Each structure stands twice: as structure tokens, then as C-alpha cells.
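What follows is a short report on a single structure.
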Amino acid sequence: MSKMRIKTDVICLLILVSALFMINSIPTQFVYSKSKIISLNLNPNSLTPHVAIYIDNDGNFSDYGFPGTGALNDPYRIENLNITTAETVGIYISSTSFYFIIQNCYVESDWHGIEISYCYEDKATVQNCISNGIVVTNTDSIDIVDNLFYSGGQAFINIERSDNSNVDNNTLIPENGYASNIGIRLVDSESSMISYNNITKIREGIYIDHCFSSSIINNHLTDLSNNGYGKGINVYTSDGSVIEGNICSDCDNYGIYSYSFGSVSISRNIVSLSEYGIHVKTSTASQVEENTCFQNQIGIFIESSDSTIIEYNILYLNLKGIVTQSSDYLLISDNYCHSNEQNGLWIEDSKSSLITRNNCSSNDYRGALLKSVTVSNITYNNVSHNGDFGIALDSTSNCKFLYNLFRENENYSIYINTLSSANVLFHNSFIDNNPEGTSQCSDSGSVNLWYDYKKKEGNYWNDIGDNKTYAIDGLSNSIDKFPLNENLERTSILFPVCIFSLITIFIVKTQLRRRKKN
């Protein structure tokens, strides 16, 4: 085994250990959040028993005798109560202009514990409660913080038509087994924030729809299984959304899914054990950056999403690393696609894209597959130690392959099929690929050019020996006419011959002048 192979395997092992450490830390963080709530002494037996509360106007607060005045600095306080009821809702508050807080309460009802609707902006807070769900409608700037929800109706936390909602540091875990509903559901609620929540054993962790410019940040979603249909973070038609710093593990169907018709930013997430780690569909000008995806069927899947930036992601131990389909004008750069079972990178039906500075190495099958790709640049990539081809071209035309490194791939470093044409390949380095064969590349396409015909510069081949040109395997009988040395400089004797000829001409002319003088 070569030193380079050992080095890459060590790097992969270190990344794996780091990621497993992060995943193993999830239960600790979850327990901390739950313990924080339980430490508030919210044992139902230690709280004051109370009947269901129904408030539908400003005057009802005084009817119940709650402390506070409803002012900003003295909100009404519904606190330290045990509301266990057979009513549909335990606490219902609607149509109030007063400030109020529901805190340190245990609320259990027949359907959902707490319901808040049509309250004025920035008036409502629910914190440090244990309940079987909350429903919020038409109430802007509500704070739902530090609560434990163990069940709910359509969702444990269900928010509709409530802009600037803040859902922070809640724990959502079913009382028994798995729940078949949604953890956090946010619909028609712009500029909202969902952060630092712990969600487990629920069919769908976080669902948002028509929540423009909303953020889903630093949530932990684990063990979201539902007979193969469990989902982590699900974003629909929410242009300008930010999905950042989340951990999504064992989510069955997908960890993060965005169907936005606009732009979405997905960054610094850790996603594992899903069919699709990150799936972006039908978006424009989105960013998928600095994510770590491992042990998924597909690490990152970009579908029908033009002008997407995919960079600085780490993808390993997936079936496929990065897959794009029907997406043009892509920037795929600085990704680490390592030790995946099939392809590190799969680009299909794409045009005018830039694929640069990626490391597609030590994958069991191919480093990269380009299928039906046109007018794109593939530059400065490291494609090494793959179990089959380095890069395979299928129906790919008019692309440029420049300054790529191909090292120790088991089969051809570049394989071009009969349907690929008019590609240009030069200033690449080919080192010890296809060790059992006679050529490091294969070209069965048409009019593919293995050198820069203007500058007369080709590629570096470490097995060229004393030959002046390099023959490419395949039906097209392609030749690199102008091989380079390891510094990608000309190895041709044409330049020395020209210099020698010029010196000779100069000497001859000088001698002729002397004879004329004499």
C-alpha cells in the first residue's frame, strides 16, 4: 500500500471517529434538556390543581385572578398549575391585547394542552411547561421556550399564520414508543426561528411551509423512523430559509429536504443514516456548504435546482456522495467525497457548471461519473485510489478537463464512452493508474482532444518512458502528441531544436559578413 493511500485512509478514519463522537453526544444533550425541565419540580402532584382555562377577551384574565396587570413589565402569569382535564384543550387564550406568560405548568387534555390564537404581536410566552401539545394561530412573535411536549394532535408544536415565531430549546419525545405525527409544524409564518430543539421518535421532525426567511438552527433530530418514511427537516416553498448546524440521525427517508422554488441555505449540518442525507429540489441560487453526510444512500442530492453552490462538504461511507440531476450552472467545489460505496460524485444532465478542487478518492467504485454533461469545466480535482474508474464520461461533450490529478485508480483514470465528444483534456497529471493495462486512459468517443493544440501542450504521464507521444486506449485511437513533465512543462525536443537552429543561423550569418568585409 502506498504512502498516499495510507495517508488518505488515516484522514478518513479521523473524520469517522470525530463524526461518531458528535453523534454519540446527542443522547447526552437530549438528557440535559429534559433534565433541565424536570429540575423545575414540575411533578403534577407538586403543582396547584386547576380546571381548564378559557380566555377569549381581555376581561377574562381578571376573572381567573391571575397575578399581573397585562403590561409589558408586568404580564399576566399563568403559573405553577396542574391542569389535567378531559376537555379538548387545557389552556385556551384568544383575542387579547395583554401581555401574558404561561410558565411552570403541567397541562394535559384530551386533544392538545395549550391553544393560543388571535393575540396581539409580541404578547405571548410559553416557557418551562410540560404538555401534550400546543397550537398557535394568528399570533405573531410568540415565544415557546424550554418546554417538554410528549404528544399532540397534528403536531406536538403546531403554528400557523404567526410571523416571527420563536421556538427554542424544547424537548419533543413521545410518551410511549413512536409518534406518527409531526414534531414542529410551522405554516404561513414568515421570519420565524426554530432553534436548539431536541426531537426524537417522531415520524417527521420539523415541517415548514410558506415560511419565508425563516431559520432552522442547531436542532437535534434522532431516531425519526416510520417504516422507512421518517423525515428530519422538511422545508416547502419557503424562499430565503436558513438550515444550519442541525444534527439529523437515523431519519429513514431523508435528513434534510427542501422544495423551495427559491433559494435556501443549508450549512454546517451533520446528517447520517437516511436514504437521502440532504435533498434540494426545484430551487434557484441555493447554497449547500460545510455539511457532513455519512452512512446515507445519497449524501447530497441536488435535483432541478439551477445555480446551486455545493462546496466544502464532507461525504463518506454513503452509497453515493454527491448526486446532481437536471441542474445547470452549478458550482461544485472543495468537497471531500471519500470512501463511498459507489461514486464519490455523480453529475447528470447538467450544463455550464464548474467542478473544481474536489477530492474524489478511495471510493469503492468510481471517483466521479459525468452523464449528459455539456460545456462545463472540471479543474484542479484530486481523483485517486478509486476501486474502478477515476472519472467516467457518458454522453458528455464540450467539457474541459484541466489541472486534475489522477493517481492510482484501479482501472482507467478517465474512461470516455462512444457517446461523448469534443472534450478537451490537457495539463492533467496521470500517475500509476490502471496498473494492469497499457494505458492510463480510454477514449472511445469522437474528436476528444488530449492536448492544447495552440500551445502544443498535453498531459503528464508517469509511464511514458522514452516515447515522444502517449497512446490512449479505446476505439478513437487518441494520442497525446505533446506530453508534459511532472511540472506540466513541455518535454518535446522542438524547443531545443529551434534554439540550436537559431544559433546556427546566427553563426552562419556572422561568417558571411566577415567574408564580405575581407
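We label chains A, B, ... in the order they appear in the C-alpha cells, count residues from 1 in each chain, and number ligands from 1 in the order shown.
With only C-alpha atoms taken into account, the protein and nucleic acid residues at most 12 Å from Phe98 of chain A (excluding it and anything under 5 positions from it in its own chain) are Ile55, Asp56, Asn57, Asp58, Gly59, Asn60, Phe61, Ser62, Gly68, Thr69, Gly70, Ala71, Leu72, Asn73, Asp74, Pro75, Tyr76, Arg77, Ile93, Tyr118, Cys119, Tyr120, Glu121, Asp122, Lys123, Ala124 and Thr125 of chain A.
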Store the residues picked out above in a file with N, CA and C atoms, as a CSV table (one decimal), in the first residue's frame.
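File produced: part14.csv:
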chain,number,residue,atom,x,y,z
A,55,ILE,N,-60.0,31.7,28.0
A,55,ILE,CA,-59.9,33.1,27.9
A,55,ILE,C,-60.1,33.6,26.4
A,56,ASP,N,-61.1,34.4,26.2
A,56,ASP,CA,-61.3,34.8,24.8
A,56,ASP,C,-61.5,36.3,24.7
A,57,ASN,N,-61.1,37.1,25.7
A,57,ASN,CA,-61.1,38.5,25.7
A,57,ASN,C,-60.3,39.0,26.8
A,58,ASP,N,-60.0,40.3,26.8
A,58,ASP,CA,-59.1,40.9,27.8
A,58,ASP,C,-59.7,40.8,29.2
A,59,GLY,N,-61.0,40.8,29.4
A,59,GLY,CA,-61.6,40.7,30.7
A,59,GLY,C,-61.5,39.4,31.4
A,60,ASN,N,-61.3,38.3,30.7
A,60,ASN,CA,-61.2,37.0,31.3
A,60,ASN,C,-60.0,36.8,32.2
A,61,PHE,N,-58.9,37.5,32.0
A,61,PHE,CA,-57.8,37.4,32.9
A,61,PHE,C,-58.1,37.7,34.3
A,62,SER,N,-58.8,38.8,34.5
A,62,SER,CA,-59.2,39.2,35.9
A,62,SER,C,-60.2,38.3,36.5
A,68,GLY,N,-50.5,39.8,38.0
A,68,GLY,CA,-50.0,40.6,36.9
A,68,GLY,C,-51.1,41.6,36.4
A,69,THR,N,-50.7,42.6,35.6
A,69,THR,CA,-51.6,43.6,35.1
A,69,THR,C,-51.8,43.5,33.6
A,70,GLY,N,-51.0,42.7,32.9
A,70,GLY,CA,-51.0,42.6,31.5
A,70,GLY,C,-50.1,43.6,30.8
A,71,ALA,N,-49.4,44.4,31.6
A,71,ALA,CA,-48.4,45.3,31.0
A,71,ALA,C,-47.1,44.6,30.5
A,72,LEU,N,-46.3,45.3,29.7
A,72,LEU,CA,-45.1,44.7,29.3
A,72,LEU,C,-44.2,44.3,30.4
A,73,ASN,N,-44.1,45.1,31.4
A,73,ASN,CA,-43.2,44.8,32.6
A,73,ASN,C,-43.9,44.1,33.7
A,74,ASP,N,-45.2,43.8,33.5
A,74,ASP,CA,-45.9,43.0,34.5
A,74,ASP,C,-47.0,42.2,33.8
A,75,PRO,N,-46.6,41.2,33.0
A,75,PRO,CA,-47.6,40.4,32.3
A,75,PRO,C,-48.5,39.5,33.2
A,76,TYR,N,-49.6,39.2,32.7
A,76,TYR,CA,-50.4,38.2,33.5
A,76,TYR,C,-49.6,36.9,33.5
A,77,ARG,N,-49.7,36.2,34.6
A,77,ARG,CA,-48.9,35.0,34.8
A,77,ARG,C,-49.8,33.8,35.1
A,93,ILE,N,-56.4,30.6,25.1
A,93,ILE,CA,-56.3,32.0,25.1
A,93,ILE,C,-56.5,32.6,23.7
A,118,TYR,N,-55.1,34.5,17.7
A,118,TYR,CA,-55.5,35.9,17.6
A,118,TYR,C,-55.1,36.8,18.7
A,119,CYS,N,-53.9,36.6,19.2
A,119,CYS,CA,-53.4,37.5,20.2
A,119,CYS,C,-52.4,38.5,19.5
A,120,TYR,N,-52.3,39.7,20.2
A,120,TYR,CA,-51.5,40.8,19.6
A,120,TYR,C,-50.1,40.4,19.5
A,121,GLU,N,-49.3,41.0,18.6
A,121,GLU,CA,-47.9,40.7,18.4
A,121,GLU,C,-47.1,40.9,19.7
A,122,ASP,N,-46.2,40.0,19.9
A,122,ASP,CA,-45.2,40.1,21.0
A,122,ASP,C,-45.8,40.1,22.4
A,123,LYS,N,-47.0,39.4,22.5
A,123,LYS,CA,-47.7,39.4,23.8
A,123,LYS,C,-47.5,38.1,24.5
A,124,ALA,N,-47.3,37.0,23.8
A,124,ALA,CA,-47.5,35.6,24.4
A,124,ALA,C,-46.1,34.9,24.6
A,125,THR,N,-46.0,34.3,25.7
A,125,THR,CA,-44.8,33.4,26.1
A,125,THR,C,-45.3,32.2,26.7
*asked:* Would you pick out the contacts of segment 271-273 of chain A at 8 Å or less, using only C-alpha atoms, so that residues sharing its chain but fewer than 6 positions from it are not included, and give the list as a VMD selection string?
replied: chain A and resid 247 to 252 255 to 256 291 to 297
_Spatial neighbours of Ile479 of chain A, max dist 6 Å, only C-alpha atoms, sep filter under 4 positions, as an NGL selection string_ = :A and (470-472)
*Using only C-alpha atoms, which residue out of A:Met193, A:Val135, A:Ile332, A:Ile347 lies closest to Asp163 of chain A?*
A:Met193
_Residues within 9 Å of Ser191 of chain A, please, as number ranges by chain. Count only C-alpha atoms; anything in the same chain fewer than 5 positions from it doesn't count._
A: 163-165, 211-215, 241
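In this comparison, which uses only C-alpha atoms, the residue of A:Ala285, A:Cys337, A:Ile464, A:Ile298 approaching Ile431 of chain A most closely is A:Ile464.
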*In segment 111-269 of chain A, what's strand (DSSP E or B) per DSSP? Answer as a PyMOL selection string?*
chain A and resi 112-117+124-127+130-131+134-137+143-145+148-149+155-160+166-168+171-172+179-187+193-195+198-200+202-209+215-217+220-222+231-236+241-244+247-259+264-267
*asked:* Would you pick out the contacts of Ser442 of chain A at 8 Å or less, using only C-alpha atoms, so that residues sharing its chain but fewer than 6 positions from it are not included, and give the list as a list in words?
replied: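 My reading of the contact set: Tyr412, Ile414, Tyr415, Ile416, Ile472, Asp473 and Gly474 of chain A.
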*asked:* Residues within 6 Å of segment 449-455 of chain A, please, as number ranges by chain. Count only C-alpha atoms; anything in the same chain fewer than 5 positions from it doesn't count.
replied: A: 424-426, 480
Put those residues in a file: all heavy atoms, as a PDB file, in the first residue's frame.
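The file below, selection-v4.pdb, is the result:
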ATOM      1  N   VAL A 424     -11.955  18.445 -24.229  1.00  0.00           N
ATOM      2  CA  VAL A 424     -10.545  18.813 -24.269  1.00  0.00           C
ATOM      3  C   VAL A 424      -9.917  18.463 -22.931  1.00  0.00           C
ATOM      4  O   VAL A 424     -10.447  18.819 -21.872  1.00  0.00           O
ATOM      5  CB  VAL A 424     -10.379  20.316 -24.574  1.00  0.00           C
ATOM      6  CG1 VAL A 424      -8.914  20.710 -24.536  1.00  0.00           C
ATOM      7  CG2 VAL A 424     -11.002  20.658 -25.912  1.00  0.00           C
ATOM      8  N   LEU A 425      -8.782  17.776 -22.974  1.00  0.00           N
ATOM      9  CA  LEU A 425      -8.137  17.304 -21.757  1.00  0.00           C
ATOM     10  C   LEU A 425      -6.641  17.595 -21.838  1.00  0.00           C
ATOM     11  O   LEU A 425      -5.924  16.975 -22.646  1.00  0.00           O
ATOM     12  CB  LEU A 425      -8.358  15.799 -21.570  1.00  0.00           C
ATOM     13  CG  LEU A 425      -9.803  15.286 -21.700  1.00  0.00           C
ATOM     14  CD1 LEU A 425     -10.083  14.805 -23.117  1.00  0.00           C
ATOM     15  CD2 LEU A 425     -10.082  14.166 -20.704  1.00  0.00           C
ATOM     16  N   PHE A 426      -6.155  18.529 -21.033  1.00  0.00           N
ATOM     17  CA  PHE A 426      -4.719  18.794 -21.014  1.00  0.00           C
ATOM     18  C   PHE A 426      -4.312  19.415 -19.666  1.00  0.00           C
ATOM     19  O   PHE A 426      -5.152  19.830 -18.874  1.00  0.00           O
ATOM     20  CB  PHE A 426      -4.283  19.681 -22.186  1.00  0.00           C
ATOM     21  CG  PHE A 426      -4.943  21.025 -22.263  1.00  0.00           C
ATOM     22  CD1 PHE A 426      -4.445  22.113 -21.552  1.00  0.00           C
ATOM     23  CD2 PHE A 426      -6.054  21.218 -23.071  1.00  0.00           C
ATOM     24  CE1 PHE A 426      -5.041  23.357 -21.640  1.00  0.00           C
ATOM     25  CE2 PHE A 426      -6.657  22.463 -23.164  1.00  0.00           C
ATOM     26  CZ  PHE A 426      -6.157  23.537 -22.446  1.00  0.00           C
ATOM     27  N   ASP A 480      -1.928  11.666 -27.123  1.00  0.00           N
ATOM     28  CA  ASP A 480      -1.415  12.930 -26.575  1.00  0.00           C
ATOM     29  C   ASP A 480      -0.093  13.199 -27.301  1.00  0.00           C
ATOM     30  O   ASP A 480       0.916  12.544 -27.040  1.00  0.00           O
ATOM     31  CB  ASP A 480      -1.215  12.809 -25.065  1.00  0.00           C
ATOM     32  CG  ASP A 480      -0.757  14.117 -24.430  1.00  0.00           C
ATOM     33  OD1 ASP A 480      -0.420  15.062 -25.175  1.00  0.00           O
ATOM     34  OD2 ASP A 480      -0.728  14.199 -23.184  1.00  0.00           O
TER      35      ASP A 480
END
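The spacing separating atom CA of Gly387 of chain A from atom CA of Asn253 of chain A amounts to 28.2 Å.
Excluding Asn386 of chain A itself and any same-chain residue fewer than 6 positions from it, the protein and nucleic acid residues within 9 Å of it, counting only C-alpha atoms, are Ser339, Cys360, Ser361, Ser362, Asn363, Asp364, Tyr365, Arg366, Gly367, Arg407, Glu408, Asn409, Glu410, Asn411 and Ser413 of chain A.
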Expected file: the selected residues, C-alpha atoms, as a PDB file, in the first residue's frame:
ATOM      1  CA  SER A 339     -14.786   6.089   0.821  1.00  0.00           C
ATOM      2  CA  CYS A 360     -12.944  12.235  -5.017  1.00  0.00           C
ATOM      3  CA  SER A 361     -10.734   9.479  -3.672  1.00  0.00           C
ATOM      4  CA  SER A 362     -10.837   5.961  -2.203  1.00  0.00           C
ATOM      5  CA  ASN A 363     -14.390   5.295  -3.342  1.00  0.00           C
ATOM      6  CA  ASP A 364     -15.179   1.631  -3.883  1.00  0.00           C
ATOM      7  CA  TYR A 365     -16.313   2.185  -7.473  1.00  0.00           C
ATOM      8  CA  ARG A 366     -15.731   5.478  -9.310  1.00  0.00           C
ATOM      9  CA  GLY A 367     -14.433   8.824  -8.206  1.00  0.00           C
ATOM     10  CA  ARG A 407      -3.362   8.774  -9.085  1.00  0.00           C
ATOM     11  CA  GLU A 408      -3.518   5.019  -8.504  1.00  0.00           C
ATOM     12  CA  ASN A 409      -7.063   4.350  -9.696  1.00  0.00           C
ATOM     13  CA  GLU A 410      -7.559   0.608 -10.220  1.00  0.00           C
ATOM     14  CA  ASN A 411      -8.973   0.989 -13.737  1.00  0.00           C
ATOM     15  CA  SER A 413      -8.312   7.203 -14.656  1.00  0.00           C
TER      16      SER A 413
END
*Can you tell me how far atom CA of Gly390 of chain A sits from atom CA of Lys456 of chain A, in Å to one decimal?*
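Computing it gives 25.2 Å between the two atoms.
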_For Ser267 of chain A, the nearest of the candidates A:Gln287, A:Asn147, A:Asn485, A:Asn176, counting only C-alpha atoms_ = A:Gln287
*Of the candidates A:Asn246, A:Thr171, A:Asn335, A:Ser304, which one gets nearest to Tyr316 of chain A if we count only C-alpha atoms?*
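Of A:Asn246, A:Thr171, A:Asn335, A:Ser304, the one nearest Tyr316 of chain A, counting only C-alpha atoms, is A:Asn335.
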*What is the atom CA of Ile216 of chain A to atom CA of Asp140 of chain A distance in Å?*
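A separation of 17.6 Å between them.
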